[in-house]
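Structure first, then comments.
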2 protein chains.
Amino acid sequence: MPAYEPASPEQVAAIHEVSLRILEEAGIAFYDDESVSILREQGADVGDDSVVRFDRHLVEELLTRCPHVFTHTARNTDRSVVIGGDHVVFAPVAGPPYVDDRTSGRREATYDDLVTFIKLTQATPYLHCQGTEIVVPNDIPFHERGLDIVYAHIKHGDKPIMGHYPVRVTAQDSVNMARIVFGEPFVDEHHVLLGTINVSSPRRLDDRMLGALKVYARANQIVMLTPFILAGAMGPAAVLGTVAQANAEALAGIVFAQMIRPGTPCIYGPFLAVVDLQSGAPVFGAAESIHAQLLAAQMARHYGLPFRAAGSYVSGKRPDSQSGIEAALSMFPSMLTRPNFVLHAAGWMENGLTTSYEKFMLDLEMLGVFHRYAQGISWDDDEWALEAVLEEVPPGGHHLGTQHTLARFRTAFHRPELFDYESFESWKAAGATGAEERAAQSWPALLERYEQPPLDDAIDEELLDYMARRRTEIDPAEFQ
Amino acid sequence: MPAYEPASPEQVAAIHEVSLRILEEAGIAFYDDESVSILREQGADVGDDSVVRFDRHLVEELLTRCPHVFTHTARNTDRSVVIGGDHVVFAPVAGPPYVDDRTSGRREATYDDLVTFIKLTQATPYLHCQGTEIVVPNDIPFHERGLDIVYAHIKHGDKPIMGHYPVRVTAQDSVNMARIVFGEPFVDEHHVLLGTINVSSPRRLDDRMLGALKVYARANQIVMLTPFILAGAMGPAAVLGTVAQANAEALAGIVFAQMIRPGTPCIYGPFLAVVDLQSGAPVFGAAESIHAQLLAAQMARHYGLPFRAAGSYVSGKRPDSQSGIEAALSMFPSMLTRPNFVLHAAGWMENGLTTSYEKFMLDLEMLGVFHRYAQGISWDDDEWALEAVLEEVPPGGHHLGTQHTLARFRTAFHRPELFDYESFESWKAAGATGAEERAAQSWPALLERYEQPPLDDAIDEELLDYMARRRTEIDPAEFQ
């Protein structure tokens, strides 16, 4: 399906122009000494306050170094994915400290929950990237979590994985563990990790994020630059200003990554939502977010950068109707941008504070619809069903038994698995279960379909040795 | 927001061409003697089997008679709406025999329920047309219902109304009652009723629908031609064939309306969904429905006809997550077509068999978002918030207190009323209510905001007299 592009080329140029003014006049703060040195060396104008101003020619020159399309390589190369062009990659939610299911309710997530979600992610055909911290493993000491998260992804899945990202040291551990799995020369030449780098909007990259960015860029791994803006708080209470600011912030990070290593694969990855201006609460699925995201996607395409779009964001506390509406009003507009990467595509609940088992399954149901949607409209001759329409079926007849229907009844339409299509009477007789209850039954069923992918014993042992050593070495102070 | 148009002009021409083949070669059955005579007189080729074949030149000539834009006049002319062009009109669900609310459950709907929904429709800013049978008043004899439905709409609301449509006699009663309210000369020159005419797909207009069509067209009222196709059953298990068939059927009805009265205001109004080909159940929000509807809208625009798009269709039996997802995946694609009329925009549940009080409110919440969405992206200078972004807010600061935000914090973003944006702790302390429970509290609140619009006593009395007379006259056999 073609991208939906509401802005004219002149309007795209106007956003670009304002973004350049932000970069030239206001600048972006880089709170990291080494980064500031690099920026100065490579021609940016660095103030005493670490605010960096970028000349437009410098920005435009550095952007020419970005690859438009690249491969995110999986441990099982059959599952590697292409990022860019017409390709769409879905990844699960990242970051929630809480987990929720219908039986046990909301609670602090554990390593077991993380492993379960990795297995669900591995088992479903609708997620293509395993993501990272699908839930926070709260039962592991904070400074060791990066090790365990990356290990869990390697051990239990073989789709492409993300690196853990909060600080330099975890990014470096992620890279080191990837080198154990893939071999160092392979990692130098292939992108086996994807790291999210959050801009602490407005206009600020902090030392933790810059530390991680430098590690991933130097290791030739994928960097996703994510201005995190709730319009009205971290950006202005206006669509255009928010998009221009996010654009400037994303460009600053991407340009810096190109300074570190020309050709660093970058994803243009803004997180855009709005706040309720009377309470300060985040609002997802808002009309203004939809507008902003459509514009941001046009900017990414303008620069030839892969675009990361909104996931199934909701404020809802339960996988109820509010969450269903919010998730669909976040995700469907994302599909319209023809996105290249969708983080948080499944499981997100409660402003991203909770990963819900049931919502994870409901989101997968929606992703199934989007898979078919994204395949686009087929214009094959057979799609006209000419013989059936013109000759076989009389006025008032039906197509259920035509040759055409019989030949394609298994594949013509995507078939949801979880949703209920029974008659009211059958539905009632079967217990009148709502979507949340059906979802509660469906994730254990998906888990049963999980198969552990093979992992070489020697590699497994080397990973465990590395982790054991690093547990004693890592200084928790690095995470302050 | 611009329309989203995935088909090229050549592809639109291809659908047009196949539709003409359906009209020329296969034909459409018109099961009504007078209609057949009119069609024959005006140059269509009528077979002995009442199947009518239309020459392409006849179709194209008659289509030139259709108005592109017209006004649907309300009793309160301040509430009249324009149908066509950039205008979008939302109307509530029509037709469900059951009603459901959280307290009383699913039950046969009554006249009281109908009146309550009319009041809710009148009270909300998000519905612009009152619709017709928002629920079936089962406690009124079948053949008298048309009278009571139209009266209830006139008495309790002053937005534009639909005529009741199942057969000629109710259509004529709708017109006669409108003449009492507006005066006969006024009705001759203004469109005060909108009547849905269902094509009994495939390729069939029956005597009941043709009877109603003739009444509305002769009275210069709005006719909405609605091929009702669940692809795989009433149309082929294919997107293109379904769209071409629906297009041919809509054109046949619209062309016939132009034969009855040149200039009859027509809406191109297909109802398109798919069936689960393994169970035969209808499926809403499907990718294939989205594809089909986007194409159908392009066909309507190709002919310059106002387009009616999908409402908040769901299969769900409760206003749960499934219903939320289905409704959003039906309605948001509709918004992308830049529709002119959206029937079933609020209240639809359980395949259209039930009107849900709670879902009605949840749908209104979504319509609120779409109101803002449809206003489009503002490119006013103020939207850039240049001073705030470039000067006022430092790196890492926030926009909550800027001059720009303070000047617009009440209006910058649309504010949902029903959805929950509390923190988890506040939400839990307040009873951990889900969306369905909040919706159950919200419709009585909306009902309290309802104000009965004035109706001239003499008109009211004349309507009641007319109805009393007609109750004794109408022959129930007309409805067989």
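Identifiers in this document derive from the order of the structure tokens: chains are assigned A, B, ..., residues are numbered from 1 separately in each chain, and ligands are numbered from 1 in order of occurrence.
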
>> Give me the residues near region 243-260 of chain B as a PyMOL selection string, where near means some atom within 8 Å (using only C-alpha atoms) and where sequence neighbours in that chain fewer than 3 positions away do not count.
In response: (chain A and resi 384+389) or (chain B and resi 15-16+18-20+22-23+28+38-39+42+54+59+62-63+65-66+199+201-204+213-214+217-218+223+225-229+235+239-240+263-264+266+268-270+292-293+295-296+299)

>> To test your reading of the structure, identify every residue in region 193-270 of chain B that backbone DSSP assigns to alpha helix (DSSP H), and report it as a PyMOL selection string.
In response: chain B and resi 207-218+239-260

>> Quick check for you: according to DSSP on this backbone, which residues of region 145-369 of chain A are classed as strand (DSSP E or B)? Reply as an MDAnalysis selection string.
In response: chainID A and resid 191 194:199 204:205 222:231 235 266:268 271:275 282:283 307:309 320 341:342 348:349 354:356

The selected residues should be written to file as a PDB file, in the first residue's frame (atoms: C-alpha atoms).
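The new file result.pdb reads:
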```pdb
ATOM      1  CA  HIS A 191      24.297  -5.387  11.631  1.00  0.00           C
ATOM      2  CA  LEU A 194      19.720  -2.448  16.889  1.00  0.00           C
ATOM      3  CA  GLY A 195      20.110   0.143  19.636  1.00  0.00           C
ATOM      4  CA  THR A 196      17.561   2.778  20.536  1.00  0.00           C
ATOM      5  CA  ILE A 197      19.078   6.146  21.366  1.00  0.00           C
ATOM      6  CA  ASN A 198      16.583   8.414  23.058  1.00  0.00           C
ATOM      7  CA  VAL A 199      16.946  12.117  22.658  1.00  0.00           C
ATOM      8  CA  ARG A 204      19.358  17.223  24.552  1.00  0.00           C
ATOM      9  CA  LEU A 205      21.456  14.089  24.208  1.00  0.00           C
ATOM     10  CA  ILE A 222      22.051  -0.092  13.868  1.00  0.00           C
ATOM     11  CA  VAL A 223      21.242   3.119  15.708  1.00  0.00           C
ATOM     12  CA  MET A 224      17.636   4.255  16.072  1.00  0.00           C
ATOM     13  CA  LEU A 225      17.453   7.939  16.933  1.00  0.00           C
ATOM     14  CA  THR A 226      14.367   8.575  19.019  1.00  0.00           C
ATOM     15  CA  PRO A 227      13.321  12.057  19.981  1.00  0.00           C
ATOM     16  CA  PHE A 228      10.804  11.293  22.726  1.00  0.00           C
ATOM     17  CA  ILE A 229       8.211  14.033  22.593  1.00  0.00           C
ATOM     18  CA  LEU A 230       4.853  14.341  24.233  1.00  0.00           C
ATOM     19  CA  ALA A 231       3.701  17.504  22.476  1.00  0.00           C
ATOM     20  CA  GLY A 235       7.715  19.860  22.538  1.00  0.00           C
ATOM     21  CA  CYS A 266      20.403   4.784  11.227  1.00  0.00           C
ATOM     22  CA  ILE A 267      16.661   4.649  11.724  1.00  0.00           C
ATOM     23  CA  TYR A 268      14.710   7.888  11.976  1.00  0.00           C
ATOM     24  CA  PHE A 271       8.255   8.807  19.538  1.00  0.00           C
ATOM     25  CA  LEU A 272       5.430  11.319  19.193  1.00  0.00           C
ATOM     26  CA  ALA A 273       2.325  11.628  21.320  1.00  0.00           C
ATOM     27  CA  VAL A 274       0.527  14.468  23.057  1.00  0.00           C
ATOM     28  CA  VAL A 275      -0.220  15.363  26.643  1.00  0.00           C
ATOM     29  CA  PRO A 282       0.035  11.312  27.960  1.00  0.00           C
ATOM     30  CA  VAL A 283      -2.681  10.727  25.374  1.00  0.00           C
ATOM     31  CA  PHE A 307      11.238   5.335   9.424  1.00  0.00           C
ATOM     32  CA  ARG A 308      10.196   3.938  12.770  1.00  0.00           C
ATOM     33  CA  ALA A 309       6.488   4.381  13.470  1.00  0.00           C
ATOM     34  CA  ASP A 320     -10.495  -3.150  27.246  1.00  0.00           C
ATOM     35  CA  PHE A 341      10.331  -0.494  11.892  1.00  0.00           C
ATOM     36  CA  VAL A 342       7.608  -0.585  14.526  1.00  0.00           C
ATOM     37  CA  TRP A 348       2.154  -2.130  25.430  1.00  0.00           C
ATOM     38  CA  MET A 349      -0.327  -1.152  28.138  1.00  0.00           C
ATOM     39  CA  THR A 354       3.004  -2.489  31.885  1.00  0.00           C
ATOM     40  CA  THR A 355       3.347  -5.340  29.431  1.00  0.00           C
ATOM     41  CA  SER A 356       0.077  -7.215  29.284  1.00  0.00           C
TER      42      SER A 356
END
```

> Which residues come within 7 Å of region 146-162 of chain B, counting only C-alpha atoms, excluding same-chain residues fewer than 6 positions away, as a list in words?
Replying inline: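 Near region 146-162 of chain B, the qualifying residues are His72, Thr73, Ala74, Arg75, Asn76, Arg79, Ser80, Val115, Ile118, Lys119, Gln122, His128, Cys129, Gln130, Gly131, Thr132, Glu133, Thr170, Asp173, Ser174, Val192, Leu193, Leu194, Gly195, Gln452, Pro453, Leu455 and Met467 of chain B.
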
The selected residues should be written to file as a short mmCIF file (atom, residue, chain, number, x, y, z; two decimals), in the first residue's frame (atoms: N, CA, C and O atoms).
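Result went into again.cif, see below:
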```cif
data_model
loop_
_atom_site.label_atom_id
_atom_site.label_comp_id
_atom_site.auth_asym_id
_atom_site.auth_seq_id
_atom_site.Cartn_x
_atom_site.Cartn_y
_atom_site.Cartn_z
N HIS B 72 -28.77 18.55 3.08
CA HIS B 72 -29.78 17.78 3.80
C HIS B 72 -30.33 18.70 4.87
O HIS B 72 -29.65 19.02 5.85
N THR B 73 -31.56 19.14 4.64
CA THR B 73 -32.11 20.21 5.46
C THR B 73 -32.72 19.65 6.75
O THR B 73 -33.45 18.66 6.73
N ALA B 74 -32.41 20.32 7.85
CA ALA B 74 -32.93 19.92 9.15
C ALA B 74 -34.12 20.78 9.53
O ALA B 74 -34.32 21.87 8.99
N ARG B 75 -34.90 20.29 10.47
CA ARG B 75 -36.01 21.07 11.03
C ARG B 75 -35.48 22.38 11.61
O ARG B 75 -36.11 23.42 11.47
N ASN B 76 -34.34 22.30 12.26
CA ASN B 76 -33.62 23.50 12.69
C ASN B 76 -32.56 23.75 11.63
O ASN B 76 -31.55 23.05 11.57
N ARG B 79 -28.91 23.43 11.75
CA ARG B 79 -28.31 22.10 11.84
C ARG B 79 -28.35 21.36 10.50
O ARG B 79 -28.02 20.18 10.45
N SER B 80 -28.76 22.04 9.47
CA SER B 80 -28.71 21.41 8.14
C SER B 80 -27.26 21.07 7.81
O SER B 80 -26.33 21.73 8.27
N VAL B 115 -36.32 6.37 21.57
CA VAL B 115 -36.39 7.79 21.97
C VAL B 115 -35.12 8.18 22.74
O VAL B 115 -34.56 9.26 22.54
N ILE B 118 -32.41 8.69 20.30
CA ILE B 118 -32.59 9.95 19.54
C ILE B 118 -32.13 11.13 20.40
O ILE B 118 -31.45 12.04 19.92
N LYS B 119 -32.46 11.07 21.67
CA LYS B 119 -32.05 12.17 22.57
C LYS B 119 -30.53 12.23 22.69
O LYS B 119 -29.94 13.31 22.71
N GLN B 122 -29.24 13.69 19.55
CA GLN B 122 -29.49 15.14 19.54
C GLN B 122 -28.48 15.87 20.45
O GLN B 122 -28.01 16.95 20.12
N HIS B 128 -24.31 14.26 13.31
CA HIS B 128 -24.89 15.41 12.60
C HIS B 128 -26.23 15.10 11.97
O HIS B 128 -26.94 15.98 11.55
N CYS B 129 -26.52 13.80 11.85
CA CYS B 129 -27.77 13.34 11.26
C CYS B 129 -28.36 12.37 12.27
O CYS B 129 -27.63 11.59 12.87
N GLN B 130 -29.68 12.43 12.46
CA GLN B 130 -30.29 11.59 13.48
C GLN B 130 -30.44 10.13 13.06
O GLN B 130 -30.73 9.30 13.90
N GLY B 131 -30.32 9.87 11.77
CA GLY B 131 -30.49 8.50 11.31
C GLY B 131 -31.94 8.12 11.27
O GLY B 131 -32.82 8.97 11.08
N THR B 132 -32.22 6.84 11.50
CA THR B 132 -33.60 6.38 11.46
C THR B 132 -33.86 5.41 12.61
O THR B 132 -33.98 5.85 13.75
N GLU B 133 -33.85 4.12 12.32
CA GLU B 133 -34.23 3.13 13.33
C GLU B 133 -33.00 2.77 14.17
O GLU B 133 -32.44 1.69 14.04
N THR B 170 -44.04 2.86 3.83
CA THR B 170 -43.38 3.62 4.91
C THR B 170 -42.61 4.80 4.34
O THR B 170 -42.52 5.85 4.98
N ASP B 173 -45.20 7.40 3.84
CA ASP B 173 -45.58 8.00 5.13
C ASP B 173 -44.49 8.95 5.63
O ASP B 173 -44.78 10.02 6.17
N SER B 174 -43.23 8.57 5.43
CA SER B 174 -42.13 9.44 5.84
C SER B 174 -42.22 10.77 5.10
O SER B 174 -42.09 11.85 5.69
N VAL B 192 -35.20 16.92 2.74
CA VAL B 192 -35.37 16.85 4.20
C VAL B 192 -35.33 15.41 4.70
O VAL B 192 -35.35 15.17 5.90
N LEU B 193 -35.30 14.47 3.77
CA LEU B 193 -35.22 13.05 4.14
C LEU B 193 -34.11 12.38 3.35
O LEU B 193 -33.79 12.79 2.23
N LEU B 194 -33.53 11.36 3.97
CA LEU B 194 -32.52 10.55 3.30
C LEU B 194 -32.96 9.11 3.44
O LEU B 194 -33.15 8.62 4.55
N GLY B 195 -33.15 8.45 2.31
CA GLY B 195 -33.62 7.06 2.37
C GLY B 195 -32.56 6.10 1.86
O GLY B 195 -31.97 6.31 0.81
N GLN B 452 -35.09 19.29 24.84
CA GLN B 452 -36.09 19.03 23.79
C GLN B 452 -36.21 20.26 22.89
O GLN B 452 -36.48 21.36 23.36
N PRO B 453 -36.05 20.05 21.58
CA PRO B 453 -36.21 21.21 20.68
C PRO B 453 -37.70 21.54 20.52
O PRO B 453 -38.54 20.65 20.59
N LEU B 455 -41.34 22.23 19.08
CA LEU B 455 -42.12 21.78 17.92
C LEU B 455 -43.50 22.44 18.02
O LEU B 455 -44.17 22.34 19.05
N MET B 467 -50.96 10.03 11.95
CA MET B 467 -50.54 8.70 12.38
C MET B 467 -51.74 7.86 12.82
O MET B 467 -51.84 6.68 12.50
#
```

> Within 6 Å of chain A, which residues of chain B show up when using only C-alpha atoms, listed as a PyMOL selection string?
Replying inline: chain B and resi 26+201-204+232-238+240-241+277+287+320-322+324-325+328+369+372-373+383-385+390+395-396+398-400+405+409+435

Ala468 (chain A): which residues within 10 Å, counting only C-alpha atoms, same-chain residues fewer than 5 positions away excluded, as a PDB file with N, CA, C and O atoms, in the first residue's frame?
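Ended up saving to out_10.pdb:
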```pdb
ATOM      1  N   GLU A 144      23.254  -5.611  36.211  1.00  0.00           N
ATOM      2  CA  GLU A 144      23.506  -6.875  35.496  1.00  0.00           C
ATOM      3  C   GLU A 144      22.448  -7.186  34.441  1.00  0.00           C
ATOM      4  O   GLU A 144      22.594  -8.137  33.671  1.00  0.00           O
ATOM      5  N   LEU A 147      23.109  -7.830  30.606  1.00  0.00           N
ATOM      6  CA  LEU A 147      23.677  -9.138  30.279  1.00  0.00           C
ATOM      7  C   LEU A 147      22.578 -10.184  30.132  1.00  0.00           C
ATOM      8  O   LEU A 147      22.521 -10.935  29.158  1.00  0.00           O
ATOM      9  N   GLU A 462      30.480 -19.936  26.503  1.00  0.00           N
ATOM     10  CA  GLU A 462      31.300 -18.723  26.429  1.00  0.00           C
ATOM     11  C   GLU A 462      30.481 -17.505  26.874  1.00  0.00           C
ATOM     12  O   GLU A 462      30.980 -16.617  27.573  1.00  0.00           O
ATOM     13  N   LEU A 463      29.217 -17.491  26.483  1.00  0.00           N
ATOM     14  CA  LEU A 463      28.344 -16.397  26.908  1.00  0.00           C
ATOM     15  C   LEU A 463      28.191 -16.397  28.424  1.00  0.00           C
ATOM     16  O   LEU A 463      28.303 -15.350  29.079  1.00  0.00           O
ATOM     17  N   GLU A 473      32.616  -7.400  37.453  1.00  0.00           N
ATOM     18  CA  GLU A 473      33.364  -6.223  36.990  1.00  0.00           C
ATOM     19  C   GLU A 473      32.539  -4.943  36.923  1.00  0.00           C
ATOM     20  O   GLU A 473      33.054  -3.848  37.159  1.00  0.00           O
TER      21      GLU A 473
END
```

> Between A:Leu447, A:Leu294, A:Leu210, A:Ala123, which has the minimum distance to Val167 (chain A) (counting only C-alpha atoms)?
Replying inline: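 Counting only C-alpha atoms, the residue closest to Val167 (chain A) is A:Leu210.
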
>> Ranking B:Ser104, B:Arg168, B:His190, B:Pro306 by minimum distance to Val89 (chain B) and counting only C-alpha atoms, which one comes first?
In response: B:Pro306
